[in-house]
Each structure stands twice: as structure tokens, then as C-alpha cells.
Amino acid sequence: SFAALLAVYLGAVAAGSWWARRWADRVHDPLAWATVLTLLIGPVIVATLAGANVWRDLERAWLPRPEGVLRASLFYETLNASLHAIYLQAAPCFLMGAVFPPLAAASVRGGRPGRQTGRLYAVNTAAGVFGAIVAGFVWLPALGEQYAFAALAVMVVACGGALALSHAAAWPCWTALAAVSCVALALFALPADALQRAHFRGGGHLIALQEGTATSAAVAQRFRFGLPHYRELLTPGVSMSDTSLGARRYMGLLGQLAAFFSARPERALLICYGAGNTADALLSHPDLSRLDVVDLAPEVLALSSQFAAERGRDPLRDPRTRVFADDGRHHLVARATSYD
């Protein structure tokens, strides 16, 4: 998925720059054109949000997922990830790439093109680094995915509007007014759970959601004959674990077998917490004095209490449990602790 996201991002930015290079030096006011292209990014972002559910329906119709004993092939997974990346990124990244040539044409003037180009590229790169940090580590945990997108749309339109107001020409200002109106109307009309409904479409009733830097994780309540049956841990589009009888049996068995084949186990390590079924099985052994739980996603760990009602207790609240938001292999390499 990450490779697909990066490929579409770079390809779309390159395509936008390639398209804009043909006319960037010929237009009378290149900064005005850069302003208009910047303003268009905001409406495109909110249009992507608004159409997310429709897109998921179309994508499933075009590319139905294999069911039953058949597993999805690597080609299928690559194509599926690429379709998502194209929908999310292609249009705004094309526009971002197209902004750069007219912006360069407006900035690089006079007798010092090297210095001016270097300054422009340095600002562009530094802003890209800063933007990635803010979006990934501030906006996502604080605002959630949908409102982080919304904040980005508002910020882009605000930047474009500020540029438009600095122009003597009227048409960038009219474009700014139209872009602001589109973004404001879309954000006002868009349901607060639009992306949530697009991501978590398995049929269960969503009862909890945690969004952060690692993932978006949710708990869904499943029903049978109108009554609560079990709870399911979901990351976007994928069922990771649940508290059904079958899942509790085989996930519990992983912990029980490890304990039974150890002579009086006192210290245990569990990598990947899930719904806590394996942790619960390990903690059922009275000889166990310490359980270290390691999971990449703090969002998954934060949902543990949602599954406690199904089992009668929360393994993360047991005094013998220590929790680490970390990569499992890194945990073993970085710490000298040994386990039974």
C-alpha cells in the first residue's frame, strides 16, 4: 500500500509539472495561474471525501474480492491498493505538481536564477517535511482522518486566497471566492462519519474508534438473531481479531500451549495484542508473574477495554501486565529482558 501511495504521488506530481511546463513561461501572469491551481486543490480534496462511499461501491463492483477458500493474489492486492491511491491522490497531486512551474516562472526572474531557484526549492522541500510532521503527528491524532483532510483543504484555500488578494487582477479573487464557497459548503454538508463509513463496511455496528499515527482501529458489535453475539477488532477494511467462540478458542490455545510446554513459566512476551484473547489465556496461569505486551499500534491497545465485557476482565489492567507500543523485533533487540 505504501509503495502504491508513493508511486501515485510521485507520478501525479511529475505529470502535473510536465503538463504545466508547456505554458508556464508563456502566460502573462504566472503567479495568478499558480494561485488558481492552488485554490483548486481544496475543492478537489473535499470532493474526494464526499465521494468516498460511492468510490468504495464502484471499486468493489469493478474488482470483487475473492471469497471462500481463495486468497487474494499479490496482483489483486497491488491493483486494489493502486486504485485507492489513484482515487485519493491523483487529482490533488497533479494540481500540486502543476503549481510548481508557474510559481517558478513568477519567482525566478532577473539575473540570479540559480539563487532564486535554490531558495524556491529549499522552501518547497522544508515545507514538505514540516507538512508531513504536522499532518502525521499532530492533525491525525488530534483531529482524526476526515478532519485532518478538512484542515488541509481549508489551509490550501486560505493560502490561495491570500495570494489572490495580493493580485490586482480580479479573476484570481473570483476563483478564491468560488473555492472557499465550495469547501465551506462541502464541509458543512458532509456527515461527520463519512470516511468512517467508507473504511468500516463489514456490517457490524461500530461502537468505538481510535484514530492516530499508526492506524485507525475500531470495535464493531456483531449481532445474531437481533442479539449481541461478539465484538470485532477492525483496521480499515480488515477484520483483525474478535471475541467469537472460535477466535477465543484458537487464540487462547496459542497462549495455553506456550505455557503448558514451559516448566512453571514466570515471564511471557506477547507480540500483537489484538482483542486480548491470547493475553487473557496467558494470565490465567497463576505462576505467571509478568506479561509484556508489545503492539505497533497504540490505537489497538486503547480499545482493550471494549473487549473486556466479553471476557469479564481486561488483560491490560492486570498488575502483572506491562504494555509497550513498539515493534516486536525492536523490543527484543533493544531490551535485555529474557522470557520463558
# chains A, B, ... in the order shown; residues from 1 in each chain; ligands from 1
call {"tool": "select_by_dssp", "arguments": {"residues": "range 79-317 of chain A", "states": "helix (DSSP H, G or I)", "output": "ChimeraX atom specification"}}
result
/A:79-107,113-165,171-189,194-199,245-260,277-283,298-301,304-311,315-317
call {"tool": "select_by_dssp", "arguments": {"residues": "range 132-338 of chain A", "states": "strand (DSSP E)", "output": "ChimeraX atom specification"}}
result
/A:205-211,216-224,227-235,238-242,267-271,290-295,321-325
call {"tool": "residues_around", "arguments": {"residues": "Ala309 in chain A", "least_positions_apart": "3", "cutoff": "12 Å", "atoms": "only C-alpha atoms", "output": "PyMOL selection string"}}
result
chain A and resi 221+228+230-231+243+275-276+303-306+312-315
call {"tool": "residues_around", "arguments": {"residues": "Ile45 in chain A", "least_positions_apart": "2", "cutoff": "9 Å", "atoms": "only C-alpha atoms", "output": "ChimeraX atom specification"}}
result
/A:40-43,47-50,88-89,91-92,149-150,152-153,183
